[in-house]
>>> print(open('query-v7.txt').read())   # compact mmCIF, C-alpha atoms
# COMPACT_ATOMS: atom_id res chain seq x y z
CA MET A 9 0.00 0.00 0.00
CA SER A 10 2.74 2.44 0.95
CA ALA A 11 4.45 1.76 -2.42
CA LEU A 12 1.19 2.58 -4.18
CA ARG A 13 0.77 5.70 -2.08
CA ASN A 14 4.31 6.77 -2.94
CA ILE A 15 3.57 6.44 -6.64
CA ALA A 16 0.23 8.26 -6.31
CA THR A 17 1.74 11.21 -4.51
CA ARG A 18 4.70 11.54 -6.86
CA ARG A 19 4.65 14.92 -8.55
CA SER A 20 4.94 13.59 -12.08
CA VAL A 21 1.91 11.33 -11.56
CA HIS A 22 -0.03 14.27 -10.18
CA VAL A 23 0.90 16.43 -13.18
CA ALA A 24 0.09 13.56 -15.60
CA TRP A 25 -3.34 13.22 -13.98
CA ARG A 26 -3.98 16.97 -14.34
CA VAL A 27 -2.93 16.93 -18.01
CA THR A 28 -5.18 13.90 -18.64
CA TRP A 29 -8.13 15.61 -16.96
CA VAL A 30 -7.55 18.72 -19.11
CA ALA A 31 -7.53 16.51 -22.23
CA VAL A 32 -10.67 14.63 -21.17
CA ARG A 33 -12.55 17.89 -20.54
CA LEU A 34 -11.42 19.29 -23.86
CA ILE A 35 -12.67 16.18 -25.69
CA LEU A 36 -16.02 16.49 -23.88
CA VAL A 37 -16.20 20.19 -24.85
CA PHE A 38 -15.69 19.36 -28.54
CA TRP A 39 -18.13 16.46 -28.34
CA MET A 40 -20.74 18.67 -26.69
CA ALA A 41 -20.20 21.50 -29.18
CA GLU A 42 -20.42 19.20 -32.22
CA THR A 43 -22.55 16.14 -31.69
CA GLY A 44 -23.42 16.08 -28.01
CA ARG A 45 -26.34 18.45 -28.19
CA ALA A 46 -27.88 16.62 -31.13
CA PHE A 47 -27.31 13.31 -29.32
CA ILE A 48 -28.99 14.59 -26.17
CA TYR A 49 -31.97 15.97 -28.12
CA GLN A 50 -32.46 12.62 -29.89
CA GLY A 51 -31.86 10.59 -26.74
CA PHE A 52 -34.48 12.41 -24.71
CA MET B 25 -35.69 32.75 -22.78
CA VAL B 26 -33.29 35.65 -22.84
CA ASP B 27 -29.73 34.59 -23.57
CA ALA B 28 -27.24 36.16 -21.15
CA GLY B 29 -24.32 35.25 -23.41
CA PRO B 30 -21.91 37.77 -24.91
CA VAL B 31 -21.72 38.96 -28.51
CA LEU B 32 -18.24 37.53 -29.06
CA ASP B 33 -18.60 33.87 -30.05
CA LEU B 34 -16.29 31.58 -28.13
CA ALA B 35 -16.97 28.79 -30.62
CA ASP B 36 -15.36 30.92 -33.34
CA PRO B 37 -12.01 29.22 -34.18
CA ARG B 38 -10.64 32.61 -35.36
CA PHE B 39 -10.86 33.90 -31.77
CA TRP B 40 -8.66 31.05 -30.52
CA SER B 41 -6.23 31.25 -33.47
CA LEU B 42 -5.74 34.98 -32.86
CA LEU B 43 -5.16 34.46 -29.14
CA ALA B 44 -2.68 31.65 -29.84
CA VAL B 45 -0.72 34.10 -32.02
CA ALA B 46 -0.84 36.75 -29.25
CA VAL B 47 0.42 34.26 -26.63
CA ALA B 48 3.19 33.01 -28.98
CA VAL B 49 4.43 36.58 -29.57
CA LEU B 50 3.94 38.00 -26.05
CA VAL B 51 5.49 35.16 -24.01
CA PRO B 52 9.07 35.68 -25.28
CA LEU B 53 8.70 39.47 -25.71
CA GLY B 54 10.70 41.09 -22.89
CA HIS B 55 10.52 44.78 -23.87
CA ALA B 56 7.76 46.75 -22.10
CA MET B 57 6.96 49.24 -24.89
CA ALA B 58 7.10 46.54 -27.60
CA ARG B 59 4.67 44.39 -25.56
CA GLN B 60 2.28 47.31 -25.11
CA TRP B 61 2.28 48.25 -28.79
CA PHE B 62 2.02 44.65 -29.98
CA PHE B 63 -0.96 43.97 -27.69
CA ALA B 64 -2.69 47.23 -28.75
CA THR B 65 -2.15 46.58 -32.49
CA PHE B 66 -3.18 42.94 -32.05
CA SER B 67 -6.37 43.85 -30.15
CA VAL B 68 -7.64 46.39 -32.71
CA ALA B 69 -6.59 44.17 -35.65
CA ALA B 70 -8.42 41.23 -34.07
CA ILE B 71 -11.54 43.38 -33.59
CA GLY B 72 -11.31 44.34 -37.29
CA LEU B 73 -10.92 40.71 -38.38
CA LEU B 74 -13.72 39.41 -36.15
CA PHE B 75 -16.27 42.21 -36.53
CA GLY B 76 -15.38 44.13 -39.69
CA PRO B 77 -13.96 47.58 -40.54
CA GLY B 78 -16.93 49.55 -39.11
CA THR B 79 -16.41 48.10 -35.64
CA LEU B 80 -12.64 48.54 -36.01
CA ALA B 81 -13.19 52.27 -36.72
CA VAL B 82 -15.59 52.68 -33.78
CA ALA B 83 -13.26 50.80 -31.37
CA THR B 84 -10.21 52.80 -32.48
CA GLY B 85 -12.20 56.05 -32.20
CA ILE B 86 -13.20 55.22 -28.62
CA ALA B 87 -9.62 54.37 -27.66
CA VAL B 88 -8.22 57.54 -29.29
CA ALA B 89 -10.93 59.71 -27.65
CA THR B 90 -10.15 58.16 -24.24
CA TYR B 91 -6.42 58.69 -24.81
CA VAL B 92 -6.99 62.38 -25.72
CA ALA B 93 -9.36 62.88 -22.76
CA GLY B 94 -6.85 61.20 -20.42
CA GLN B 95 -4.03 63.46 -21.61
CA ALA B 96 -6.27 66.54 -21.31
CA LEU B 97 -7.32 65.60 -17.76
CA ALA B 98 -3.72 64.91 -16.70
CA GLY B 99 -2.62 68.24 -18.25
CA ALA B 100 -5.42 70.18 -16.54
CA ARG B 101 -4.57 68.57 -13.22
CA LEU B 102 -0.89 69.45 -13.64
CA ARG B 103 -1.75 73.10 -14.36
CA SER B 104 -4.29 73.63 -11.57
CA GLY B 105 -3.02 71.13 -8.99
CA ALA B 106 -6.58 69.89 -8.39
CA THR B 107 -9.07 67.49 -9.94
CA PRO B 108 -10.46 69.09 -13.14
CA THR B 109 -14.08 68.34 -12.20
CA ALA B 110 -15.79 70.19 -15.09
CA LEU B 111 -13.63 68.46 -17.70
CA LEU B 112 -14.14 65.11 -15.99
CA ILE B 113 -17.93 65.56 -16.04
CA ALA B 114 -17.76 66.52 -19.74
CA THR B 115 -15.83 63.32 -20.58
CA PHE B 116 -18.26 61.23 -18.51
CA ALA B 117 -21.13 62.82 -20.43
CA GLY B 118 -19.48 61.73 -23.71
CA ALA B 119 -19.15 58.14 -22.43
CA LEU B 120 -22.77 58.23 -21.21
CA ILE B 121 -24.08 59.37 -24.61
CA LEU B 122 -22.33 56.43 -26.29
CA PHE B 123 -23.64 54.09 -23.59
CA VAL B 124 -27.24 55.24 -24.12
CA ALA B 125 -26.73 55.00 -27.90
CA HIS B 126 -25.75 51.33 -27.65
CA LYS B 127 -28.50 50.49 -25.17
CA LEU B 128 -31.22 52.06 -27.35
CA PRO B 129 -30.35 50.73 -30.82
CA HIS B 130 -33.76 51.31 -32.37
CA GLN B 131 -33.94 54.93 -31.38
CA THR B 132 -30.41 55.82 -32.47
CA ALA B 133 -30.74 53.89 -35.73
CA ALA B 134 -33.26 56.55 -36.74
CA PHE B 135 -30.35 58.98 -37.06
CA ALA B 136 -28.53 57.84 -40.19
CA PRO B 137 -24.98 58.91 -39.20
CA LEU B 138 -25.29 57.04 -35.90
CA ALA B 139 -26.87 53.88 -37.33
CA ALA B 140 -23.58 51.97 -37.46
CA LEU B 141 -22.74 52.78 -33.84
CA PRO B 142 -24.99 50.48 -31.77
CA PRO B 143 -24.08 47.15 -33.49
CA SER B 144 -20.37 48.02 -33.36
CA LEU B 145 -20.60 49.09 -29.73
CA MET B 146 -22.49 45.87 -28.91
CA ALA B 147 -19.83 43.79 -30.69
CA ILE B 148 -16.98 45.12 -28.55
CA GLY B 149 -19.04 44.76 -25.34
CA PHE B 150 -19.32 48.52 -24.80
CA SER B 151 -21.10 48.04 -21.45
CA TYR B 152 -17.73 46.87 -20.14
CA VAL B 153 -15.58 49.24 -22.24
CA CYS B 154 -17.60 52.25 -21.00
CA LEU B 155 -16.99 51.38 -17.34
CA ARG B 156 -13.27 50.96 -18.06
CA MET B 157 -13.30 54.42 -19.70
CA ILE B 158 -14.94 55.98 -16.63
CA ASP B 159 -12.55 54.24 -14.23
CA LEU B 160 -9.48 55.29 -16.23
CA LEU B 161 -10.55 58.93 -16.60
CA ARG B 162 -11.46 59.29 -12.92
CA VAL B 163 -8.17 57.75 -11.73
CA VAL B 164 -6.16 60.02 -14.08
CA ALA B 165 -8.17 63.14 -13.14
CA GLU B 166 -7.62 62.45 -9.43
CA GLY B 167 -3.89 61.89 -10.03
CA ARG B 168 -3.90 58.31 -8.72
CA ALA B 169 -2.11 57.00 -11.84
CA PRO B 170 -0.48 58.69 -14.84
CA ALA B 171 -2.47 59.03 -18.08
CA PRO B 172 -1.78 56.08 -20.39
CA GLY B 173 -0.30 56.46 -23.87
CA LEU B 174 -2.32 55.45 -26.94
CA ALA B 175 -1.14 51.82 -26.80
CA GLY B 176 -1.81 51.69 -23.06
CA SER B 177 -5.34 53.09 -23.57
CA ILE B 178 -6.13 50.44 -26.20
CA GLY B 179 -4.63 47.65 -24.09
CA TYR B 180 -6.72 48.64 -21.07
CA LEU B 181 -10.00 49.42 -22.87
CA LEU B 182 -10.12 46.74 -25.56
CA PRO B 183 -8.22 43.59 -24.48
CA LEU B 184 -9.48 40.82 -26.78
CA HIS B 185 -9.64 38.16 -24.06
CA MET B 186 -11.88 40.40 -21.88
CA LEU B 187 -14.28 41.64 -24.56
CA ALA B 188 -16.70 38.72 -24.22
CA ALA B 189 -17.89 39.30 -20.65
CA GLY B 190 -15.38 41.34 -18.67
CA PRO B 191 -14.00 41.53 -16.09
CA ILE B 192 -13.89 45.31 -15.60
CA GLN B 193 -10.43 45.47 -14.07
CA SER B 194 -9.68 48.66 -12.12
CA TYR B 195 -7.37 51.08 -13.94
CA GLU B 196 -5.35 51.69 -10.79
CA ALA B 197 -4.59 47.95 -10.48
CA HIS B 198 -3.98 47.69 -14.23
CA ALA B 199 -1.46 50.56 -14.13
CA ARG B 200 0.33 48.98 -11.15
CA GLN B 201 1.12 45.64 -12.83
CA PRO B 202 4.75 45.08 -13.92
CA PRO B 203 5.29 46.16 -17.55
CA VAL B 204 6.99 42.84 -18.28
CA PRO B 205 5.47 39.93 -16.36
CA PRO B 206 7.70 37.24 -14.82
CA THR B 207 8.19 34.16 -17.03
CA LEU B 208 5.68 31.41 -16.27
CA SER B 209 6.88 28.01 -15.12
CA MET B 210 5.46 24.88 -16.80
CA LEU B 211 3.21 24.30 -13.80
CA GLU B 212 1.83 27.85 -14.03
CA VAL B 213 1.16 27.29 -17.74
CA LEU B 214 -0.69 24.11 -16.82
CA GLU B 215 -2.72 26.04 -14.21
CA ALA B 216 -3.66 28.63 -16.84
CA LEU B 217 -4.68 25.90 -19.30
CA GLU B 218 -6.72 24.21 -16.55
CA ARG B 219 -8.54 27.49 -15.98
CA ILE B 220 -9.33 27.93 -19.70
CA VAL B 221 -10.39 24.32 -20.26
CA GLY B 222 -12.31 24.37 -16.97
CA GLY B 223 -14.21 27.42 -18.24
CA LEU B 224 -14.95 25.77 -21.59
CA PHE B 225 -16.10 22.63 -19.77
CA LYS B 226 -18.38 24.70 -17.51
CA SER B 227 -19.85 26.57 -20.47
CA TYR B 228 -20.30 23.81 -23.05
CA VAL B 229 -20.71 20.65 -21.00
CA LEU B 230 -22.20 21.74 -17.64
CA ALA B 231 -24.14 24.90 -18.57
CA GLY B 232 -24.91 23.64 -22.11
CA GLY B 233 -26.04 20.24 -20.82
CA LEU B 234 -28.11 21.79 -18.03
CA ARG B 235 -29.83 24.14 -20.44
CA THR B 236 -30.52 21.47 -23.04
CA LEU B 237 -31.69 18.80 -20.61
CA LEU B 238 -33.33 20.61 -17.74
CA LEU B 239 -34.44 24.14 -18.65
CA THR B 240 -37.82 24.64 -20.26
CA GLY B 241 -37.94 28.47 -20.44
CA PHE B 242 -40.26 28.36 -17.39
CA GLU B 243 -42.88 26.43 -19.33
CA ALA B 244 -42.93 23.47 -16.92
CA GLU B 245 -45.92 22.78 -14.71
CA GLY B 246 -46.20 22.12 -10.97
CA LEU B 247 -43.24 21.87 -8.65
CA TYR B 248 -40.79 21.71 -11.55
CA PHE B 249 -41.42 25.44 -12.01
CA LEU B 250 -39.90 26.01 -8.54
CA LEU B 251 -37.01 23.66 -9.30
CA GLU B 252 -36.36 25.45 -12.57
CA ILE B 253 -35.80 28.76 -10.73
CA GLN B 254 -32.87 27.10 -8.93
CA LEU B 255 -31.57 25.45 -12.11
CA PHE B 256 -31.82 28.70 -14.08
CA TYR B 257 -29.72 30.46 -11.44
CA LEU B 258 -27.17 27.64 -11.54
CA TRP B 259 -27.09 27.82 -15.36
CA VAL B 260 -26.46 31.59 -15.39
CA TYR B 261 -23.71 31.17 -12.80
CA LEU B 262 -22.01 28.33 -14.71
CA ASP B 263 -22.23 30.11 -18.06
CA PHE B 264 -21.14 33.55 -16.83
CA SER B 265 -18.35 32.35 -14.51
CA ALA B 266 -17.09 30.14 -17.36
CA TYR B 267 -16.30 33.24 -19.44
CA SER B 268 -14.54 34.73 -16.44
CA ASP B 269 -12.43 31.56 -15.98
CA ILE B 270 -11.45 31.61 -19.66
CA ALA B 271 -10.46 35.30 -19.48
CA VAL B 272 -8.41 34.72 -16.29
CA GLY B 273 -6.57 31.76 -17.85
CA LEU B 274 -5.89 33.64 -21.09
CA GLY B 275 -4.73 36.72 -19.13
CA ARG B 276 -2.28 34.50 -17.25
CA LEU B 277 -0.79 33.21 -20.52
CA LEU B 278 -0.73 36.69 -22.09
CA GLY B 279 0.87 38.19 -18.96
CA ILE B 280 -1.98 40.69 -18.50
CA ALA B 281 -3.52 40.92 -15.03
CA THR B 282 -7.10 39.67 -15.31
CA PRO B 283 -8.98 39.52 -12.00
CA ALA B 284 -11.39 36.69 -11.18
CA ASN B 285 -15.04 37.68 -11.33
CA PHE B 286 -16.67 34.96 -9.20
CA ASP B 287 -15.81 33.35 -5.88
CA ARG B 288 -18.39 30.74 -4.78
CA PRO B 289 -21.32 33.22 -4.84
CA LEU B 290 -24.00 30.52 -4.49
CA GLY B 291 -22.81 29.86 -0.93
CA ALA B 292 -23.02 33.53 0.20
CA ARG B 293 -24.74 33.93 3.58
CA ASN B 294 -26.14 37.38 2.86
CA LEU B 295 -26.43 39.88 0.00
CA THR B 296 -23.38 41.87 1.15
CA VAL B 297 -21.25 38.73 0.87
CA PHE B 298 -23.04 37.79 -2.38
CA TRP B 299 -21.92 41.06 -4.01
CA GLU B 300 -18.38 40.46 -2.80
CA ARG B 301 -18.45 37.14 -4.71
CA TRP B 302 -20.73 37.63 -7.78
CA HIS B 303 -19.48 39.67 -10.75
CA ILE B 304 -16.79 40.98 -8.40
CA SER B 305 -15.22 43.47 -10.82
CA LEU B 306 -18.61 45.13 -11.46
CA SER B 307 -19.51 45.34 -7.76
CA GLN B 308 -16.07 46.78 -6.99
CA PHE B 309 -16.53 49.34 -9.79
CA ILE B 310 -19.92 50.32 -8.31
CA ARG B 311 -18.39 50.52 -4.84
CA ARG B 312 -15.45 52.70 -5.99
CA ASN B 313 -17.29 54.98 -8.37
CA ILE B 314 -20.90 55.24 -7.12
CA PHE B 315 -21.50 53.86 -3.64
CA ILE B 316 -18.54 55.41 -1.78
CA PRO B 317 -18.77 58.89 -3.42
CA VAL B 318 -22.55 59.08 -2.77
CA GLN B 319 -22.19 57.77 0.79
CA LEU B 320 -19.34 60.20 1.59
CA THR B 321 -21.20 63.19 0.16
CA LEU B 322 -24.32 62.39 2.20
CA ALA B 323 -22.34 61.58 5.35
CA ARG B 324 -20.58 64.96 5.17
CA ARG B 325 -23.93 66.74 4.89
CA ALA B 326 -25.60 64.76 7.67
CA PRO B 327 -22.89 63.13 9.82
CA ARG B 328 -25.41 61.96 12.42
CA HIS B 329 -27.20 59.65 9.99
CA PRO B 330 -24.62 57.19 8.58
CA LEU B 331 -27.21 54.44 8.06
CA ARG B 332 -29.44 56.75 6.04
CA ALA B 333 -26.45 57.78 3.90
CA ALA B 334 -25.51 54.13 3.28
CA SER B 335 -29.13 53.23 2.43
CA ILE B 336 -29.48 56.03 -0.13
CA ALA B 337 -26.07 55.12 -1.60
CA PHE B 338 -27.21 51.47 -1.98
CA LEU B 339 -30.40 52.59 -3.73
CA VAL B 340 -28.61 54.93 -6.17
CA ALA B 341 -25.82 52.41 -6.86
CA PHE B 342 -28.11 49.46 -7.58
CA LEU B 343 -30.71 51.35 -9.60
CA LEU B 344 -27.82 52.43 -11.86
CA CYS B 345 -26.45 48.88 -11.78
CA GLY B 346 -29.84 47.60 -13.00
CA LEU B 347 -29.90 50.14 -15.83
CA TRP B 348 -26.32 49.23 -16.75
CA HIS B 349 -27.49 45.67 -17.44
CA ALA B 350 -30.43 46.77 -19.61
CA PHE B 351 -32.74 49.74 -20.07
CA SER B 352 -35.79 47.79 -18.93
CA LEU B 353 -38.33 47.97 -16.14
CA HIS B 354 -37.39 44.41 -15.14
CA PHE B 355 -33.75 45.33 -14.54
CA LEU B 356 -34.71 48.57 -12.78
CA ILE B 357 -36.90 46.56 -10.38
CA TRP B 358 -34.07 43.98 -10.05
CA GLY B 359 -31.73 46.82 -9.01
CA ALA B 360 -34.30 48.20 -6.56
CA LEU B 361 -34.86 44.74 -5.01
CA HIS B 362 -31.12 44.19 -4.55
CA SER B 363 -30.68 47.65 -3.05
CA PHE B 364 -33.54 47.00 -0.60
CA GLY B 365 -31.98 43.63 0.21
CA LEU B 366 -28.63 45.27 0.92
CA ILE B 367 -30.26 48.01 3.01
CA VAL B 368 -32.06 45.37 5.09
CA CYS B 369 -28.78 43.43 5.51
CA ASN B 370 -26.99 46.56 6.66
CA LEU B 371 -29.73 47.59 9.10
CA TYR B 372 -30.03 44.02 10.44
CA ARG B 373 -26.28 43.82 11.02
CA HIS B 374 -26.34 47.18 12.78
CA ALA B 375 -29.28 46.11 15.01
CA LEU B 376 -27.57 42.80 15.84
CA THR B 377 -24.31 44.56 16.77
CA GLN B 378 -26.26 46.96 19.01
CA ARG B 379 -28.13 44.14 20.70
CA LEU B 380 -25.50 41.38 20.94
CA GLY B 381 -22.23 43.32 20.95
CA ARG B 382 -19.26 42.35 18.79
CA ASP B 383 -18.61 39.02 20.53
CA GLY B 384 -22.31 38.16 20.40
CA LEU B 385 -22.36 38.94 16.68
CA LYS B 386 -19.41 36.62 16.12
CA ARG B 387 -21.23 33.81 17.98
CA TYR B 388 -24.37 34.51 15.94
CA GLN B 389 -22.39 34.33 12.70
CA ALA B 390 -20.73 31.08 13.76
CA ASN B 391 -24.10 29.41 14.50
CA ARG B 392 -24.48 26.69 11.88
CA PRO B 393 -28.31 26.48 11.53
CA ILE B 394 -28.51 30.28 11.25
CA ARG B 395 -25.79 30.24 8.58
CA TRP B 396 -27.63 27.56 6.58
CA LEU B 397 -30.93 29.43 6.81
CA ALA B 398 -29.29 32.74 5.82
CA THR B 399 -27.50 31.07 2.88
CA ALA B 400 -30.76 29.48 1.70
CA ILE B 401 -32.63 32.82 1.88
CA THR B 402 -29.82 34.59 -0.02
CA PHE B 403 -29.77 31.82 -2.65
CA GLU B 404 -33.53 32.02 -3.19
CA PHE B 405 -33.57 35.82 -3.29
CA SER B 406 -30.77 35.88 -5.88
CA ALA B 407 -32.36 33.08 -7.93
CA VAL B 408 -35.85 34.62 -8.06
CA THR B 409 -34.64 38.16 -8.82
CA LEU B 410 -32.30 36.86 -11.55
CA ALA B 411 -35.07 34.85 -13.22
CA PHE B 412 -37.33 37.91 -12.99
CA ALA B 413 -34.72 40.16 -14.62
CA LEU B 414 -33.54 37.81 -17.37
CA ASP B 415 -36.57 35.82 -18.45
CA ARG B 416 -39.67 37.63 -19.75
CA ASN B 417 -41.75 34.47 -19.43
CA PHE B 418 -40.95 34.03 -15.74
CA THR B 419 -43.20 36.78 -14.33
CA ASP B 420 -46.29 35.64 -16.29
CA ARG B 421 -45.71 32.05 -15.29
CA LEU B 422 -45.10 33.01 -11.63
CA VAL B 423 -48.42 34.88 -11.50
CA GLU B 424 -50.11 31.89 -13.16
CA TRP B 425 -48.42 29.46 -10.77
CA LEU B 426 -49.37 31.47 -7.69
CA GLY B 427 -52.89 32.17 -8.90
>>> encode(input="query-v7.txt", output="structure tokens")
Amino acid sequence: MSALRNIATRRSVHVAWRVTWVAVRLILVFWMAETGRAFIYQGF
Amino acid sequence: MVDAGPVLDLADPRFWSLLAVAVAVLVPLGHAMARQWFFATFSVAAIGLLFGPGTLAVATGIAVATYVAGQALAGARLRSGATPTALLIATFAGALILFVAHKLPHQTAAFAPLAALPPSLMAIGFSYVCLRMIDLLRVVAEGRAPAPGLAGSIGYLLPLHMLAAGPIQSYEAHARQPPVPPTLSMLEVLEALERIVGGLFKSYVLAGGLRTLLLTGFEAEGLYFLLEIQLFYLWVYLDFSAYSDIAVGLGRLLGIATPANFDRPLGARNLTVFWERWHISLSQFIRRNIFIPVQLTLARRAPRHPLRAASIAFLVAFLLCGLWHAFSLHFLIWGALHSFGLIVCNLYRHALTQRLGRDGLKRYQANRPIRWLATAITFEFSAVTLAFALDRNFTDRLVEWLG
């Protein structure tokens, strides 16, 4: 567990997680702007 | 439903391409004057590219007029050693005429030479530009900062990343920032990108999804009508604060101080705190330029009645704040309701201090159930007044729902 915790708290892992979260949000923004709205309208 | 969104379209890829160019040039540029002139040229060129030559001419005209007025005010102050009040009032009158022209497009369009003005003024977000003009001219006239050059005037009045929805940064703070910002570390760049992407996520995914899925334009029946008031408030907050987040992140990358406009306003325990957290740059502008001058003038005339002076200052400040948003009865009533709310808050706080003393007031404020109740009342007051001001359908439906 402590090994896992060491990895999780390592700065590079933290930065990698932040970059990934930025990328995920950006993908969702593009999806929402392009097809997401149409998808939601059809779905509901 | 009335859309509270800005004229500048954030989905326009040209906007992002232009800003990418500005960041690429400004980041390595270490010469203060070169930075100022590049940003000024870039901002007016971008306005021309995005909105056309008419808007470019109007924007440049406003910046040049402000520059000339600033120099004239600084010169008059230097000669007389005092604030040139008459000249300051004359420049304010000029800004006010333009403001009224852009708020009443139909009326001004009747005058052929002025017909091009309102759309161009709308495009550059003149509601915000006008307040920046007033702040700059007052600060220069009172000698609190030197008059800016032409490039400095353009950079303060028309920064591309703040045209969409503010903030209205104070000129004093703007003039104080270092001419060449310190180089950003990779982590600071990441923080700025997080702010921009966070804003886009708020606007497109959260606010966009909420609007598409859950808002009906107050057409829903039964209890959903009450729920929609809360959701509408949340939607406006998400959408508006998203623009602020994007501007703050872009300002960080560009090296131009861009203050945050929102700080958890939905959790405010009273209206005083709410206005310290909602559209912060506007409320600080109102405080600096309307509330404090009115309050001081009245307090000097009647020093025994400080509460009366504060109450009148709240009323004047928020009626004008309502009219700043829109020349409509709805927004005038919205301003009156918020001023009454603030007056009540102020009187209640005064009465509590008298009755409980300072320590008692601290205990009262720390009481959790009271805090929750106060936060809920503030939330509902803000939500209902916002729906009333922004959505024409809301009042009819509220009367129907109650009746």
>>> axis_aligned_box(input="query-v7.txt", around="region 211-214 of chain B", padding_each_side="6 Å", output="lines of an AutoDock Vina configuration file")
center_x = 1.3
center_y = 26.0
center_z = -15.8
size_x = 15.9
size_y = 15.7
size_z = 15.9
>>> interface_residues(input="query-v7.txt", of="chain A", to="chain B", cutoff="7 Å", atoms="all atoms listed in the file", output="PDB file with C-alpha atoms, in the coordinates of the input")
ATOM      1  CA  VAL A  30      -7.550  18.720 -19.110  1.00  0.00           C
ATOM      2  CA  ARG A  33     -12.550  17.890 -20.540  1.00  0.00           C
ATOM      3  CA  LEU A  34     -11.420  19.290 -23.860  1.00  0.00           C
ATOM      4  CA  LEU A  36     -16.020  16.490 -23.880  1.00  0.00           C
ATOM      5  CA  VAL A  37     -16.200  20.190 -24.850  1.00  0.00           C
ATOM      6  CA  MET A  40     -20.740  18.670 -26.690  1.00  0.00           C
ATOM      7  CA  ALA A  41     -20.200  21.500 -29.180  1.00  0.00           C
TER       8      ALA A  41
END
>>> atom_distance(input="query-v7.txt", atom1="CA of Trp40 (chain B)", atom2="CA of Phe63 (chain B)")
15.3 Å
>>> residues_around(input="query-v7.txt", residues="region 173-187 of chain B", least_positions_apart="2", cutoff="9 Å", atoms="only C-alpha atoms", output="JSON list (two decimals) with C-alpha atoms, in the frame of the given file")
[["chain", "number", "residue", "atom", "x", "y", "z"],
["B", 30, "PRO", "CA", -21.91, 37.77, -24.91],
["B", 31, "VAL", "CA", -21.72, 38.96, -28.51],
["B", 32, "LEU", "CA", -18.24, 37.53, -29.06],
["B", 39, "PHE", "CA", -10.86, 33.90, -31.77],
["B", 43, "LEU", "CA", -5.16, 34.46, -29.14],
["B", 57, "MET", "CA", 6.96, 49.24, -24.89],
["B", 60, "GLN", "CA", 2.28, 47.31, -25.11],
["B", 61, "TRP", "CA", 2.28, 48.25, -28.79],
["B", 62, "PHE", "CA", 2.02, 44.65, -29.98],
["B", 63, "PHE", "CA", -0.96, 43.97, -27.69],
["B", 64, "ALA", "CA", -2.69, 47.23, -28.75],
["B", 65, "THR", "CA", -2.15, 46.58, -32.49],
["B", 66, "PHE", "CA", -3.18, 42.94, -32.05],
["B", 67, "SER", "CA", -6.37, 43.85, -30.15],
["B", 68, "VAL", "CA", -7.64, 46.39, -32.71],
["B", 70, "ALA", "CA", -8.42, 41.23, -34.07],
["B", 71, "ILE", "CA", -11.54, 43.38, -33.59],
["B", 83, "ALA", "CA", -13.26, 50.80, -31.37],
["B", 84, "THR", "CA", -10.21, 52.80, -32.48],
["B", 86, "ILE", "CA", -13.20, 55.22, -28.62],
["B", 87, "ALA", "CA", -9.62, 54.37, -27.66],
["B", 88, "VAL", "CA", -8.22, 57.54, -29.29],
["B", 90, "THR", "CA", -10.15, 58.16, -24.24],
["B", 91, "TYR", "CA", -6.42, 58.69, -24.81],
["B", 92, "VAL", "CA", -6.99, 62.38, -25.72],
["B", 94, "GLY", "CA", -6.85, 61.20, -20.42],
["B", 95, "GLN", "CA", -4.03, 63.46, -21.61],
["B", 147, "ALA", "CA", -19.83, 43.79, -30.69],
["B", 148, "ILE", "CA", -16.98, 45.12, -28.55],
["B", 149, "GLY", "CA", -19.04, 44.76, -25.34],
["B", 150, "PHE", "CA", -19.32, 48.52, -24.80],
["B", 152, "TYR", "CA", -17.73, 46.87, -20.14],
["B", 153, "VAL", "CA", -15.58, 49.24, -22.24],
["B", 154, "CYS", "CA", -17.60, 52.25, -21.00],
["B", 156, "ARG", "CA", -13.27, 50.96, -18.06],
["B", 157, "MET", "CA", -13.30, 54.42, -19.70],
["B", 160, "LEU", "CA", -9.48, 55.29, -16.23],
["B", 171, "ALA", "CA", -2.47, 59.03, -18.08],
["B", 189, "ALA", "CA", -17.89, 39.30, -20.65],
["B", 190, "GLY", "CA", -15.38, 41.34, -18.67],
["B", 191, "PRO", "CA", -14.00, 41.53, -16.09],
["B", 192, "ILE", "CA", -13.89, 45.31, -15.60],
["B", 193, "GLN", "CA", -10.43, 45.47, -14.07],
["B", 195, "TYR", "CA", -7.37, 51.08, -13.94],
["B", 198, "HIS", "CA", -3.98, 47.69, -14.23],
["B", 199, "ALA", "CA", -1.46, 50.56, -14.13],
["B", 267, "TYR", "CA", -16.30, 33.24, -19.44],
["B", 268, "SER", "CA", -14.54, 34.73, -16.44],
["B", 270, "ILE", "CA", -11.45, 31.61, -19.66],
["B", 271, "ALA", "CA", -10.46, 35.30, -19.48],
["B", 272, "VAL", "CA", -8.41, 34.72, -16.29],
["B", 274, "LEU", "CA", -5.89, 33.64, -21.09],
["B", 275, "GLY", "CA", -4.73, 36.72, -19.13],
["B", 282, "THR", "CA", -7.10, 39.67, -15.31]]
>>> closest_residue(input="query-v7.txt", among="B:Leu353, B:Leu366, B:Ile314, B:Leu397", to="Glu300 (chain B)", atoms="only C-alpha atoms")
B:Leu366
>>> atom_distance(input="query-v7.txt", atom1="CA of Ser406 (chain B)", atom2="CA of Ser363 (chain B)")
12.1 Å
>>> atom_distance(input="query-v7.txt", atom1="CA of Ser305 (chain B)", atom2="CA of Phe286 (chain B)")
8.8 Å
>>> closest_residue(input="query-v7.txt", among="B:Pro172, B:Gly105, B:Gly85, B:Pro289", to="Leu145 (chain B)", atoms="only C-alpha atoms")
B:Gly85
